[in-house]
>>> print(open('model-v6.cif').read())   # mmCIF, C-alpha atoms and all ligand atoms
data_target
#
loop_
_atom_site.label_atom_id
_atom_site.label_comp_id
_atom_site.auth_asym_id
_atom_site.auth_seq_id
_atom_site.Cartn_x
_atom_site.Cartn_y
_atom_site.Cartn_z
CA MET A 1 -42.16 -22.48 54.34
CA LEU A 2 -39.91 -19.53 53.67
CA PRO A 3 -40.51 -17.99 50.25
CA SER A 4 -38.18 -19.21 47.50
CA TRP A 5 -37.01 -15.66 46.75
CA LEU A 6 -35.42 -15.70 50.21
CA THR A 7 -33.98 -19.21 50.34
CA GLU A 8 -32.73 -19.66 46.76
CA PRO A 9 -30.14 -16.85 46.79
CA LEU A 10 -29.03 -18.10 50.23
CA TRP A 11 -28.49 -21.64 49.01
CA GLY A 12 -26.82 -20.27 45.89
CA GLN A 13 -24.26 -18.48 48.05
CA PHE A 14 -23.66 -21.57 50.19
CA ALA A 15 -23.37 -23.79 47.11
CA ALA A 16 -20.63 -21.55 45.71
CA LEU A 17 -18.53 -22.37 48.80
CA LEU A 18 -18.75 -26.11 48.30
CA PRO A 19 -16.21 -28.10 46.30
CA GLU A 20 -17.46 -30.32 43.48
CA ARG A 21 -18.83 -33.54 44.87
CA PRO A 22 -17.25 -36.77 43.53
CA GLU A 23 -19.18 -40.02 43.22
CA TYR A 24 -19.78 -42.21 46.25
CA HIS A 25 -17.23 -44.87 46.88
CA GLN A 26 -18.77 -48.35 46.72
CA ASP A 27 -16.68 -49.78 49.55
CA GLN A 28 -17.43 -47.04 51.99
CA PRO A 29 -19.98 -48.22 54.57
CA LEU A 30 -20.68 -44.69 55.73
CA GLY A 31 -21.56 -43.56 52.21
CA CYS A 32 -18.57 -41.23 52.07
CA HIS A 33 -17.26 -40.38 48.62
CA ARG A 34 -13.71 -41.38 49.46
CA PRO A 35 -12.25 -44.71 50.60
CA ARG A 36 -12.21 -45.14 54.35
CA ILE A 37 -9.79 -42.68 55.86
CA SER A 38 -7.62 -44.46 58.36
CA ASP A 39 -7.25 -41.48 60.66
CA ARG A 40 -10.98 -41.08 61.28
CA ILE A 41 -11.56 -44.13 63.47
CA ILE A 42 -8.99 -46.15 65.32
CA ILE A 43 -9.45 -49.38 67.21
CA THR A 44 -7.38 -49.49 70.38
CA ALA A 45 -5.65 -52.60 71.76
CA SER A 46 -8.65 -53.20 74.03
CA GLY A 47 -10.96 -53.22 70.98
CA LYS A 48 -12.43 -49.82 71.83
CA LYS A 49 -13.43 -47.61 68.91
CA GLU A 50 -12.23 -44.03 69.10
CA TRP A 51 -13.01 -41.09 66.85
CA ILE A 52 -10.13 -38.86 65.94
CA GLY A 53 -11.84 -36.62 63.37
CA TYR A 54 -13.39 -33.35 64.47
CA ARG A 55 -15.88 -32.07 67.02
CA ASP A 56 -18.60 -29.61 66.22
CA HIS A 57 -19.45 -27.22 69.07
CA GLN A 58 -22.74 -25.45 68.40
CA SER A 59 -24.29 -22.60 70.39
CA GLU A 60 -28.02 -22.12 70.15
CA THR A 61 -30.27 -19.32 71.35
CA CYS A 62 -32.84 -20.19 73.97
CA GLY A 63 -35.85 -18.39 75.28
CA ASP A 64 -38.71 -16.87 73.32
CA GLY A 65 -38.87 -17.17 69.55
CA PRO A 66 -37.26 -19.80 67.34
CA HIS A 67 -34.08 -21.38 68.70
CA VAL A 68 -31.35 -20.92 66.13
CA ILE A 69 -27.71 -21.95 65.99
CA VAL A 70 -25.64 -18.78 66.16
CA GLN A 71 -22.14 -20.09 66.64
CA VAL A 72 -20.19 -23.06 65.29
CA THR A 73 -16.67 -24.06 66.32
CA THR A 74 -14.84 -27.02 64.82
CA ARG A 75 -12.01 -28.56 66.79
CA PRO A 76 -9.98 -31.79 66.57
CA ALA A 77 -11.88 -34.66 68.23
CA PRO A 78 -9.16 -35.61 70.73
CA GLU A 79 -9.45 -32.15 72.29
CA GLN A 80 -11.64 -31.98 75.35
CA ASP A 81 -14.86 -29.95 75.11
CA ILE A 82 -13.56 -27.49 77.65
CA ASP A 83 -10.56 -26.66 75.43
CA ALA A 84 -12.95 -25.20 72.82
CA LEU A 85 -14.64 -22.86 75.28
CA GLU A 86 -12.26 -19.95 74.82
CA GLN A 87 -12.77 -19.95 71.05
CA ILE A 88 -16.54 -20.32 71.44
CA HIS A 89 -16.67 -17.26 73.69
CA GLN A 90 -14.40 -15.27 71.38
CA ASN A 91 -16.75 -16.10 68.48
CA LEU A 92 -19.85 -15.12 70.44
CA VAL A 93 -18.39 -11.83 71.64
CA ARG A 94 -17.12 -11.01 68.12
CA GLN A 95 -20.65 -11.59 66.84
CA GLY A 96 -21.90 -8.95 69.24
CA PHE A 97 -23.45 -11.05 71.99
CA THR A 98 -23.25 -9.20 75.30
CA ASP A 99 -24.67 -9.83 78.77
CA LEU A 100 -24.53 -13.47 77.86
CA GLU A 101 -25.45 -16.41 80.04
CA HIS A 102 -24.05 -19.55 78.47
CA PHE A 103 -25.60 -22.87 79.50
CA VAL A 104 -23.23 -25.78 79.02
CA ASP A 105 -23.00 -29.44 79.97
CA ALA A 106 -20.54 -30.86 82.49
CA GLY A 107 -17.82 -31.29 79.86
CA TYR A 108 -17.33 -27.54 79.57
CA ILE A 109 -17.40 -26.48 83.16
CA THR A 110 -14.90 -26.22 85.97
CA PRO A 111 -14.34 -23.45 88.52
CA GLU A 112 -11.50 -22.23 86.26
CA SER A 113 -13.70 -22.03 83.15
CA ILE A 114 -16.44 -20.17 85.09
CA ASP A 115 -13.88 -17.66 86.33
CA ARG A 116 -12.15 -17.24 82.93
CA ALA A 117 -15.45 -16.77 81.04
CA GLU A 118 -16.53 -14.06 83.47
CA ARG A 119 -13.24 -12.17 83.59
CA ALA A 120 -12.16 -12.46 79.94
CA HIS A 121 -15.52 -12.20 78.14
CA GLY A 122 -18.14 -11.13 80.67
CA VAL A 123 -19.96 -14.41 80.08
CA VAL A 124 -21.88 -16.07 82.89
CA LEU A 125 -21.18 -19.77 82.48
CA THR A 126 -23.89 -22.02 83.91
CA GLY A 127 -23.61 -25.77 84.17
CA PRO A 128 -23.14 -28.61 86.64
CA VAL A 129 -19.72 -28.60 88.27
CA ARG A 130 -18.45 -32.12 88.91
CA ALA A 131 -19.51 -33.42 92.31
CA ASP A 132 -16.79 -34.11 94.85
CA PRO A 133 -15.22 -37.35 93.51
CA ARG A 134 -13.94 -38.27 96.98
CA ALA A 135 -17.23 -37.71 98.81
CA ARG A 136 -17.91 -41.46 99.01
CA GLU A 137 -14.57 -42.10 100.60
CA HIS A 138 -15.53 -39.69 103.36
CA PRO A 139 -19.17 -40.43 104.16
CA GLY A 140 -18.98 -38.44 107.38
CA PHE A 141 -18.04 -35.00 106.14
CA THR A 142 -17.38 -33.69 102.66
CA LYS A 143 -15.03 -30.84 101.86
CA ALA A 144 -17.96 -28.41 101.90
CA ASP A 145 -18.54 -29.16 105.60
CA PHE A 146 -15.20 -27.60 106.52
CA THR A 147 -14.78 -23.87 107.07
CA PRO A 148 -11.71 -22.18 105.61
CA ASN A 149 -9.87 -19.27 107.19
CA TRP A 150 -8.08 -17.79 104.19
CA GLN A 151 -6.00 -15.37 106.26
CA ALA A 152 -4.72 -17.98 108.72
CA ARG A 153 -4.53 -20.61 105.90
CA THR A 154 -6.39 -23.20 107.97
CA LEU A 155 -9.58 -25.27 107.83
CA THR A 156 -11.91 -25.91 110.74
CA CYS A 157 -13.75 -29.21 110.77
CA PRO A 158 -17.38 -29.69 111.93
CA ARG A 159 -16.06 -30.88 115.31
CA GLY A 160 -14.30 -27.56 115.79
CA VAL A 161 -10.73 -28.79 115.25
CA THR A 162 -8.44 -26.48 113.29
CA SER A 163 -5.99 -27.91 110.77
CA HIS A 164 -2.30 -27.24 110.42
CA PRO A 165 -1.62 -24.32 108.03
CA TRP A 166 -2.01 -25.69 104.52
CA LYS A 167 0.82 -26.16 102.06
CA ALA A 168 0.76 -25.17 98.41
CA THR A 169 1.30 -28.08 96.04
CA GLN A 170 0.85 -28.87 92.35
CA GLY A 171 -0.91 -31.62 90.40
CA ASP A 172 -2.06 -31.96 86.77
CA GLY A 173 -0.59 -28.53 86.11
CA HIS A 174 -2.86 -26.90 88.70
CA GLU A 175 -2.16 -25.35 92.06
CA TRP A 176 -3.69 -27.04 95.08
CA LEU A 177 -3.66 -26.45 98.81
CA SER A 178 -2.92 -29.53 100.88
CA VAL A 179 -4.59 -29.44 104.31
CA LEU A 180 -3.78 -31.90 107.08
CA PHE A 181 -5.52 -32.13 110.44
CA PRO A 182 -3.54 -32.85 113.62
CA LYS A 183 -3.29 -36.57 114.27
CA PRO A 184 -3.89 -36.43 118.05
CA ALA A 185 -7.20 -34.61 117.55
CA CYS A 186 -8.44 -36.98 114.85
CA ARG A 187 -7.28 -40.07 116.75
CA THR A 188 -9.58 -39.26 119.67
CA CYS A 189 -12.47 -38.05 117.51
CA GLU A 190 -15.65 -40.17 117.57
CA ALA A 191 -16.30 -39.45 113.91
CA ARG A 192 -12.78 -40.35 112.79
CA GLN A 193 -13.65 -43.43 110.73
CA GLU A 194 -16.51 -41.75 108.82
CA CYS A 195 -14.51 -38.57 108.39
CA THR A 196 -11.18 -40.03 107.26
CA GLY A 197 -12.81 -42.97 105.42
CA THR A 198 -10.27 -45.42 106.79
CA ALA A 199 -9.77 -47.57 109.88
CA GLU A 200 -6.07 -46.81 109.76
CA ASP A 201 -4.50 -44.39 112.17
CA ARG A 202 -4.66 -41.38 109.85
CA SER A 203 -5.88 -37.84 110.25
CA ARG A 204 -8.14 -36.12 107.73
CA HIS A 205 -6.47 -34.81 104.60
CA ILE A 206 -8.22 -32.34 102.25
CA ILE A 207 -7.20 -30.75 98.97
CA LEU A 208 -8.46 -27.20 98.38
CA LEU A 209 -8.35 -25.05 95.26
CA PRO A 210 -6.94 -21.51 95.45
CA GLN A 211 -9.38 -19.18 97.22
CA LEU A 212 -11.26 -17.71 94.27
CA LEU A 213 -11.74 -21.07 92.55
CA GLN A 214 -12.60 -22.85 95.80
CA GLU A 215 -15.29 -20.29 96.55
CA ILE A 216 -16.75 -20.73 93.06
CA GLN A 217 -16.70 -24.52 93.38
CA THR A 218 -18.36 -24.47 96.81
CA ARG A 219 -21.00 -21.96 95.70
CA VAL A 220 -21.92 -23.78 92.47
CA ARG A 221 -21.97 -27.21 94.10
CA ARG A 222 -24.42 -25.85 96.68
CA GLU A 223 -26.56 -24.03 94.12
CA GLN A 224 -26.84 -26.95 91.74
CA GLU A 225 -28.52 -29.03 94.44
CA THR A 226 -31.43 -26.59 94.64
CA VAL A 227 -34.73 -26.78 92.75
CA GLN A 228 -34.32 -23.17 91.59
CA TRP A 229 -31.00 -23.92 89.93
CA ARG A 230 -32.38 -27.00 88.20
CA GLN A 231 -35.37 -25.07 86.90
CA HIS A 232 -33.06 -22.33 85.64
CA TYR A 233 -30.74 -24.86 83.96
CA ALA A 234 -33.70 -26.67 82.38
CA ILE A 235 -33.74 -24.00 79.67
CA ARG A 236 -30.87 -25.91 78.07
CA ALA A 237 -32.89 -29.11 77.77
CA GLY A 238 -33.64 -28.70 74.05
CA CYS A 239 -29.96 -28.43 73.08
CA GLU A 240 -29.46 -32.17 72.93
CA ALA A 241 -32.35 -32.33 70.46
CA THR A 242 -30.45 -29.91 68.22
CA VAL A 243 -27.39 -32.15 68.31
CA SER A 244 -29.60 -35.12 67.49
CA GLU A 245 -31.27 -33.18 64.67
CA THR A 246 -28.00 -32.16 63.03
CA VAL A 247 -26.56 -35.66 63.41
CA HIS A 248 -29.53 -37.77 62.37
CA ALA A 249 -31.43 -35.49 60.00
CA HIS A 250 -28.48 -33.70 58.38
CA GLY A 251 -25.63 -36.24 58.60
CA LEU A 252 -23.32 -34.11 60.71
CA ARG A 253 -21.13 -37.07 61.68
CA HIS A 254 -20.44 -38.09 58.08
CA CYS A 255 -17.54 -35.87 57.23
CA ARG A 256 -17.60 -34.99 53.52
CA TYR A 257 -14.17 -33.43 53.42
CA ARG A 258 -10.62 -33.82 54.60
CA GLY A 259 -9.11 -31.21 56.86
CA MET A 260 -10.53 -29.04 59.59
CA ALA A 261 -11.08 -25.93 57.43
CA LYS A 262 -13.38 -27.72 54.99
CA THR A 263 -15.06 -29.69 57.75
CA HIS A 264 -15.81 -26.39 59.44
CA VAL A 265 -17.58 -25.23 56.24
CA GLN A 266 -19.69 -28.40 56.41
CA HIS A 267 -20.54 -27.70 60.03
CA ILE A 268 -21.58 -24.13 59.20
CA LEU A 269 -23.70 -25.25 56.25
CA THR A 270 -25.39 -27.83 58.45
CA ALA A 271 -26.15 -25.17 61.05
CA ALA A 272 -27.40 -22.76 58.36
CA GLY A 273 -29.68 -25.44 56.91
CA THR A 274 -31.01 -26.29 60.36
CA ASP A 275 -31.72 -22.61 61.03
CA ILE A 276 -33.55 -22.17 57.71
CA ILE A 277 -35.77 -25.16 58.47
CA ARG A 278 -36.51 -23.79 61.93
CA LEU A 279 -37.21 -20.28 60.72
CA SER A 280 -39.47 -21.63 58.01
CA GLY A 281 -41.43 -23.40 60.71
CA HIS A 282 -41.67 -20.20 62.70
CA PHE A 283 -43.77 -18.38 60.07
CA PRO A 284 -47.20 -19.96 59.74
CA PRO A 285 -48.31 -20.38 56.09
CA GLY A 286 -49.35 -17.07 54.55
CA THR A 287 -47.64 -14.97 57.22
CA SER A 288 -44.14 -14.75 55.75
CA PRO A 289 -42.49 -11.30 55.79
CA PRO A 290 -43.83 -8.84 53.17
CA ARG A 291 -42.01 -9.13 49.89
CA GLN A 292 -40.22 -6.08 48.58
CA PRO A 293 -41.35 -5.17 45.06
CA ARG A 294 -38.71 -6.07 42.52
CA PRO A 295 -37.22 -3.19 40.53
CA ALA A 296 -38.51 -3.12 36.94
CA SER A 297 -36.26 -4.82 34.39
CA ARG A 298 -34.62 -2.82 31.63
CA PHE A 299 -37.04 -4.35 29.09
CA LYS A 300 -40.01 -3.32 31.21
CA ARG A 301 -38.62 0.20 31.61
CA LEU A 302 -38.10 0.40 27.83
CA CYS A 303 -41.71 -0.73 27.20
CA ARG A 304 -42.98 1.90 29.60
CA THR A 305 -40.92 4.60 27.89
CA LEU A 306 -42.24 3.60 24.45
CA THR A 307 -45.89 3.48 25.55
CA ASN A 308 -45.81 6.80 27.43
S1 LIG B 1 -11.63 -36.85 112.29
FE1 LIG B 1 -10.39 -35.02 112.63
S2 LIG B 1 -11.02 -33.65 110.98
FE2 LIG B 1 -12.55 -35.25 111.07
S3 LIG B 1 -14.17 -34.44 112.38
FE3 LIG B 1 -12.78 -35.60 113.72
S4 LIG B 1 -11.31 -34.12 114.46
FE4 LIG B 1 -12.33 -33.18 112.72
#
>>> encode(input="model-v6.cif", output="structure tokens", more="lines below")
Ligand code: SF4
Amino acid sequence: MLPSWLTEPLWGQFAALLPERPEYHQDQPLGCHRPRISDRIIITASGKKEWIGYRDHQSETCGDGPHVIVQVTTRPAPEQDIDALEQIHQNLVRQGFTDLEHFVDAGYITPESIDRAERAHGVVLTGPVRADPRAREHPGFTKADFTPNWQARTLTCPRGVTSHPWKATQGDGHEWLSVLFPKPACRTCEARQECTGTAEDRSRHIILLPQLLQEIQTRVRREQETVQWRQHYAIRAGCEATVSETVHAHGLRHCRYRGMAKTHVQHILTAAGTDIIRLSGHFPPGTSPPRQPRPASRFKRLCRTLTN
């Protein structure tokens, strides 16, 4: 355990931040002190339950020594995880973290987020990029099997056929490159059905990202299939345990307050409490840091003066 002289002033400071706690409401199944708040959970027409409160994004150290939560971001629940990434990186950089490698789950990672983290904050973002969602439709050759020529704006397929020059297009607010292979070449190709994924008389069509993002996507998709990458990424394995710890041991999902600002205070207090527990476990009994001698009180100093 950490000595009380260290933890008590800390808790005293945290306690001063907290509003007075009202009594529990009897009708509240979650044990919240207020009646059920209608904007926390909604039931959709299909009967699906959806949370519309807040999300807590925690960043934890990994490696040697105790793993502690060093960054907490609170965002509205309907926001996607990836939308919080910019603020998370701003927080980490402001706190003085440099040469950072940030391990995230699939919800935070796209070729765009890898590129933005590197260029804007110098953060190396590591996580599994989504696999090609159309790979099953094209069991013969996936997009990675085609070779781009960025100067000529063409793709070359594994059978050596070169596409028409691609056309820039847009979808979901992103820029894409639409690549079409010549119909006569595909029509006579032995691998046409496996490659195009259809028995119809169509040629192969591929959507590429802009060059920089496409190169990132291709590189990461290749890397994440290797044993080395998986071993490297395994360092993040304990993070889910931290989420579980804050949720199940410290009630993170039971929001005590209304509004994002106060909820953020709750999230920080939860992280601080988790860190204190972890740090207390890091010092074996009897090996806590040496205690600084307290300065003598005025009464003690007066006694000394009188007895000298
Ligand atoms: S179907 Fe067309 S794109 Fe696919 S391998 Fe054959 S020639 Fe190349």
>>> residues_near_ligand(input="model-v6.cif", ligand="ligand LIG 1 (chain B)", cutoff="10 Å", atoms="only C-alpha atoms and all ligand atoms", output="PyMOL selection string")
chain A and resi 138+140-142+145-146+155-163+180-197+202-206
>>> atom_distance(input="model-v6.cif", atom1="atom CA of Thr242 of chain A", atom2="atom CA of Gly273 of chain A")
12.2 Å
>>> residues_around(input="model-v6.cif", residues="Trp150 of chain A", least_positions_apart="2", cutoff="12 Å", atoms="all atoms listed in the file", output="list of chain:residue names")
A:Thr147, A:Pro148, A:Ala152, A:Arg153, A:Thr154, A:Leu155, A:Thr156, A:Pro165, A:Trp166, A:Leu177, A:Leu208, A:Leu209, A:Pro210, A:Gln211, A:Leu212, A:Gln214, A:Glu215
>>> residues_around(input="model-v6.cif", residues="segment 74-84 of chain A", least_positions_apart="2", cutoff="12 Å", atoms="all atoms listed in the file", output="ChimeraX atom specification")
/A:39-42,50-59,71-72,86-91,104-114,116-117,125,252-253,255,259-268
>>> atom_distance(input="model-v6.cif", atom1="atom CA of Thr198 of chain A", atom2="atom CA of Ala144 of chain A")
19.3 Å
>>> closest_residue(input="model-v6.cif", among="A:Ala199, A:Val129, A:Val247, A:Ala135", to="Arg219 of chain A", atoms="only C-alpha atoms")
A:Val129
>>> closest_residue(input="model-v6.cif", among="A:Gln292, A:Gly96, A:Gly173, A:Thr270", to="Val243 of chain A", atoms="only C-alpha atoms")
A:Thr270
>>> closest_residue(input="model-v6.cif", among="A:Glu60, A:Asp275, A:Glu223, A:Asp99", to="Ala131 of chain A", atoms="only C-alpha atoms")
A:Glu223
>>> closest_residue(input="model-v6.cif", among="A:Asp132, A:Ile69, A:Ala120, A:Lys167", to="Thr246 of chain A", atoms="all atoms listed in the file")
A:Ile69
>>> atom_distance(input="model-v6.cif", atom1="atom CA of Pro133 of chain A", atom2="atom CA of Gln217 of chain A")
12.9 Å
>>> closest_residue(input="model-v6.cif", among="A:Val123, A:Ile207, A:Ile235, A:Leu213", to="Thr61 of chain A", atoms="all atoms listed in the file")
A:Ile235
>>> closest_residue(input="model-v6.cif", among="A:His67, A:Gly122, A:Arg94, A:Pro128", to="Tyr233 of chain A", atoms="all atoms listed in the file")
A:Pro128
